[in-house]
Each structure stands twice: as structure tokens, then as C-alpha cells.
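Novice: Pasting upload29.cif below, which is mmCIF, C-alpha atoms.
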```
data_run
loop_
_atom_site.label_atom_id
_atom_site.label_comp_id
_atom_site.auth_asym_id
_atom_site.auth_seq_id
_atom_site.Cartn_x
_atom_site.Cartn_y
_atom_site.Cartn_z
CA MET A 755 0.00 0.00 0.00
CA ILE A 756 1.32 3.44 -0.94
CA ASP A 757 1.61 5.70 2.08
CA ARG A 758 0.93 9.43 2.22
CA PHE A 759 4.57 10.49 1.78
CA GLU A 760 5.06 8.22 -1.21
CA ARG A 761 1.83 9.30 -2.88
CA PHE A 762 2.58 13.01 -2.34
CA SER A 763 6.18 12.71 -3.53
CA ILE A 764 5.41 10.61 -6.59
CA ALA A 765 2.57 12.92 -7.65
CA LEU A 766 4.77 16.03 -7.36
CA PHE A 767 7.72 14.40 -9.11
CA ASN A 768 5.51 13.13 -11.94
CA ILE A 769 3.88 16.51 -12.46
CA SER A 770 7.28 18.21 -12.42
CA HIS A 771 8.79 15.64 -14.78
CA TYR A 772 6.01 15.90 -17.34
CA TRP A 773 5.82 19.69 -17.09
CA ASN A 774 9.58 19.98 -17.67
CA ARG A 775 9.35 17.76 -20.75
CA ILE A 776 6.51 19.86 -22.18
CA ALA A 777 8.29 23.14 -21.39
CA SER A 778 11.52 21.85 -22.92
CA GLU A 779 9.78 20.89 -26.16
CA GLU A 780 8.05 24.25 -26.39
CA MET A 781 11.15 26.28 -25.55
CA LYS A 782 13.26 24.24 -27.98
CA LYS A 783 11.28 25.95 -30.77
CA HIS A 784 12.92 29.20 -29.63
CA ASP A 785 16.33 27.63 -28.95
CA LEU A 786 15.92 28.19 -25.21
CA LYS A 787 16.07 25.92 -22.17
CA GLY A 788 12.78 24.57 -20.87
CA ALA A 789 13.59 25.78 -17.37
CA TYR A 790 13.47 29.35 -18.67
CA ALA A 791 9.76 29.20 -19.52
CA LEU A 792 8.77 30.35 -16.04
CA TYR A 793 11.08 33.36 -16.30
CA LEU A 794 9.62 34.40 -19.64
CA ILE A 795 6.04 34.11 -18.43
CA THR A 796 6.86 35.99 -15.22
CA LEU A 797 8.51 38.80 -17.19
CA TYR A 798 5.47 38.83 -19.48
CA ASN A 799 3.17 39.15 -16.46
CA HIS A 800 5.29 42.02 -15.04
CA PRO A 801 5.57 44.58 -17.84
CA GLU A 802 6.65 47.22 -15.31
CA GLU A 803 10.24 45.91 -15.55
CA ILE A 804 11.71 43.90 -12.70
CA THR A 805 15.25 43.24 -11.58
CA ALA A 806 16.93 39.86 -11.86
CA ALA A 807 16.85 39.59 -8.06
CA ARG A 808 13.09 40.21 -8.03
CA LEU A 809 12.59 37.69 -10.84
CA ALA A 810 14.54 35.08 -8.83
CA ASP A 811 12.39 35.83 -5.79
CA LEU A 812 9.11 35.63 -7.72
CA CYS A 813 10.10 32.34 -9.35
CA LYS A 814 11.73 30.90 -6.20
CA ARG A 815 14.84 30.14 -8.24
CA ASP A 816 18.57 30.60 -7.85
CA LYS A 817 19.86 34.07 -8.80
CA ALA A 818 22.69 32.57 -10.85
CA ASP A 819 20.21 30.58 -12.97
CA VAL A 820 18.10 33.69 -13.49
CA SER A 821 21.21 35.63 -14.55
CA ARG A 822 22.10 32.92 -17.09
CA ALA A 823 18.54 33.00 -18.44
CA ILE A 824 18.56 36.78 -18.75
CA ALA A 825 21.92 36.67 -20.55
CA SER A 826 20.44 34.12 -22.95
CA PHE A 827 17.34 36.26 -23.46
CA GLN A 828 19.48 39.33 -24.17
CA LYS A 829 21.65 37.40 -26.62
CA LYS A 830 18.50 36.36 -28.50
CA GLY A 831 17.13 39.91 -28.39
CA ILE A 832 14.01 39.02 -26.41
CA ALA A 833 14.89 40.93 -23.23
CA GLU A 834 16.87 44.05 -22.47
CA PRO A 835 17.98 46.04 -19.46
CA TYR A 836 15.84 49.10 -18.86
CA GLY A 837 17.67 52.35 -18.23
CA THR A 838 21.26 53.50 -18.54
CA ASN A 839 22.73 51.54 -15.63
CA ARG A 840 23.16 47.99 -16.94
CA TYR A 841 24.31 46.65 -13.55
CA ARG A 842 21.26 45.61 -11.55
CA ALA A 843 19.06 47.28 -14.15
CA PRO A 844 15.44 46.26 -14.37
CA ILE A 845 14.75 43.85 -17.20
CA ARG A 846 11.96 44.03 -19.71
CA LEU A 847 10.93 41.97 -22.68
CA THR A 848 11.41 43.39 -26.13
CA ASP A 849 8.54 43.25 -28.61
CA ASP A 850 9.95 39.95 -29.90
CA GLY A 851 10.24 38.73 -26.32
CA ARG A 852 6.62 39.60 -25.58
CA GLU A 853 5.59 37.62 -28.66
CA VAL A 854 7.64 34.57 -27.63
CA ALA A 855 6.46 34.78 -24.01
CA GLY A 856 2.86 35.16 -25.17
CA GLN A 857 3.19 31.96 -27.21
CA ILE A 858 4.72 30.12 -24.24
CA LYS A 859 2.00 31.39 -21.92
CA GLU A 860 -0.72 30.31 -24.35
CA ARG A 861 0.79 26.85 -24.66
CA ALA A 862 1.07 26.55 -20.87
CA SER A 863 -2.62 27.48 -20.55
CA GLN A 864 -3.56 24.83 -23.12
CA VAL A 865 -1.54 22.19 -21.30
CA LEU A 866 -3.02 23.07 -17.91
CA GLU A 867 -6.52 23.03 -19.37
CA ALA A 868 -5.95 19.57 -20.82
CA ALA A 869 -4.20 18.31 -17.67
CA GLY A 870 -7.11 19.50 -15.53
CA ARG A 871 -9.74 17.70 -17.61
CA GLY A 872 -12.30 16.18 -15.25
CA MET A 873 -11.89 18.92 -12.65
CA ASP A 874 -14.58 21.51 -12.13
CA ASP A 875 -13.83 25.08 -10.99
CA GLU A 876 -14.42 24.24 -7.33
CA MET A 877 -12.05 21.28 -7.45
CA ARG A 878 -9.42 23.41 -9.16
CA ALA A 879 -9.78 26.22 -6.60
CA ASN A 880 -9.53 23.72 -3.74
CA MET A 881 -6.44 22.11 -5.27
CA TYR A 882 -4.61 25.43 -5.57
CA GLN A 883 -5.69 26.46 -2.08
CA CYS A 884 -4.35 23.17 -0.68
CA LEU A 885 -1.07 23.50 -2.56
CA ASP A 886 -0.65 27.06 -1.27
CA ILE A 887 -1.29 25.92 2.31
CA ILE A 888 1.21 23.06 1.97
CA ALA A 889 3.85 25.43 0.52
CA VAL A 890 3.40 27.98 3.32
CA ASN A 891 3.55 25.28 5.99
CA MET A 892 6.65 23.68 4.47
CA LYS A 893 8.36 27.08 4.30
CA ALA A 894 7.60 27.57 8.02
CA ILE A 895 9.04 24.13 8.81
CA ILE A 896 12.24 24.96 6.91
CA GLU A 897 12.57 28.36 8.57
CA LYS A 898 12.14 26.82 12.05
CA SER A 899 14.75 24.15 11.39
CA LEU A 900 17.36 26.65 10.16
#
```
Before we go any further, please render this structure as C-alpha cells.
Specialist:
Amino acid sequence: MIDRFERFSIALFNISHYWNRIASEEMKKHDLKGAYALYLITLYNHPEEITAARLADLCKRDKADVSRAIASFQKKGIAEPYGTNRYRAPIRLTDDGREVAGQIKERASQVLEAAGRGMDDEMRANMYQCLDIIAVNMKAIIEKSL
């Protein structure tokens, strides 16, 4: 019999595994790493320009990985620093970047719609509420143990 820990862990790992495969395939079309999809969508959702540090915080990712992603985005011409000070400058998507990010966001929405087939709005709201509660509680556990 699968216990609670095993069921929880396997479900999260499976979701993460499949999501990463889908993101990688979609991002490959733009010659970008799948892990960068979240950064693109977050930048798309924050048109007010945000710093790399803020992007790392919003995505709960390592600052070094965010910096590598931003460098890749700039090399491809889909993001640029905003302002004259390039060091710690806010980042914004270029017009091409907004187009790419919009495509990625649309694909992510399609995937989530298909993955949630069989769930009604109440089930979906409850699922996200439960995931948020678990995340907050786990953060508190980590903070207490440090």
C-alpha cells in the first residue's frame, strides 16, 4: 500500500517531470532551455520591468540561474535592461520577447486546461488552495529548522 509520503512525492515528481518535458519541447522551438519558460512568463506578467533579483524571488529560483537566463534572453534579443545603468538594471521583454512569451504562456494554458480535464472550478480552486497551504507550511518548517 502506498503511504501518504510516497503518494505526495510521486505525484509532485511526476507533475514536475512531465511539465519539464513539455516546457523543454516548447522552448526548444525558440532555442531556449525549458527551465526558462517560467522566467519568460513571469517577465510577461510584469511589464513594469523587474530586476533579476526580483525575478529570482518571484520564481523561487537561484539568482545565478536567473542571470544565465537573462543573458540568454538578451543574446536572443528578447529581453533588455531598462535604463542607462546595466548593472542591476530592471529587465523588460522586447517586442519579440513579448511575442515569444505570449506563445509560451498560451501553450502553458492549453496544457493546464488539458491536464485539468475532469476537474470543475471548485475542485481546481480547492487544489490550488491546498497547494498554497502546503507550501506555506513547508516554508515555516524549513525556517524553524534553520
Novice: Give the answer as one residue: which of A:Leu885, A:Val890, A:Ala855, A:Ala810 has the shortest atom-to-atom distance to Leu766 of chain A, using all atoms listed in the file?
Specialist: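 Going through A:Leu885, A:Val890, A:Ala855, A:Ala810 one by one, the smallest distance to Leu766 of chain A is for A:Leu885.
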Novice: Could you put an axis-aligned box around every listed atom of segment 813-820 of chain A, padded by 5 Å on each side, and send me its centre and edge lengths in Å to one decimal, as AutoDock Vina command-line options?
Specialist:
```
--center_x 16.4 --center_y 32.1 --center_z -9.8 --size_x 22.6 --size_y 13.9 --size_z 17.3
```
Novice: To verify the selection step, state as an mmCIF file with C-alpha atoms, in the frame of the given file which residues the PyMOL selection byres ((chain A and resi 771-777) around 10) yields on this input.
Specialist:
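Final file, result18.cif:
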```cif
data_model
loop_
_atom_site.group_PDB
_atom_site.id
_atom_site.type_symbol
_atom_site.label_atom_id
_atom_site.label_comp_id
_atom_site.auth_asym_id
_atom_site.auth_seq_id
_atom_site.Cartn_x
_atom_site.Cartn_y
_atom_site.Cartn_z
ATOM 1 C CA ALA A 765 2.570 12.920 -7.650
ATOM 2 C CA LEU A 766 4.770 16.030 -7.360
ATOM 3 C CA PHE A 767 7.720 14.400 -9.110
ATOM 4 C CA ASN A 768 5.510 13.130 -11.940
ATOM 5 C CA ILE A 769 3.880 16.510 -12.460
ATOM 6 C CA SER A 770 7.280 18.210 -12.420
ATOM 7 C CA SER A 778 11.520 21.850 -22.920
ATOM 8 C CA GLU A 779 9.780 20.890 -26.160
ATOM 9 C CA GLU A 780 8.050 24.250 -26.390
ATOM 10 C CA MET A 781 11.150 26.280 -25.550
ATOM 11 C CA LYS A 782 13.260 24.240 -27.980
ATOM 12 C CA LEU A 786 15.920 28.190 -25.210
ATOM 13 C CA LYS A 787 16.070 25.920 -22.170
ATOM 14 C CA GLY A 788 12.780 24.570 -20.870
ATOM 15 C CA ALA A 789 13.590 25.780 -17.370
ATOM 16 C CA TYR A 790 13.470 29.350 -18.670
ATOM 17 C CA ALA A 791 9.760 29.200 -19.520
ATOM 18 C CA LEU A 792 8.770 30.350 -16.040
ATOM 19 C CA ILE A 858 4.720 30.120 -24.240
ATOM 20 C CA ARG A 861 0.790 26.850 -24.660
ATOM 21 C CA ALA A 862 1.070 26.550 -20.870
ATOM 22 C CA VAL A 865 -1.540 22.190 -21.300
ATOM 23 C CA LEU A 866 -3.020 23.070 -17.910
#
```
Novice: Please, what distance in Å, to one decimal, runs between atom CA of Tyr882 of chain A and atom CA of Phe762 of chain A?
Specialist: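 Between these atoms lies a distance of 14.7 Å.
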Novice: Compile the contact shell of Glu834 of chain A as a VMD selection string: residues with an atom at most 6 Å away, counting all atoms listed in the file, same-chain residues fewer than 2 positions apart removed.
Specialist: chain A and resid 828 845 to 846
Novice: Convert the output of the PyMOL selection byres ((chain A and resi 794) around 9) on the shown file into explicit residues, formatted as a PyMOL selection string.
Specialist: chain A and resi 790-793+795-799+827+847+851-852+854-856+858-859
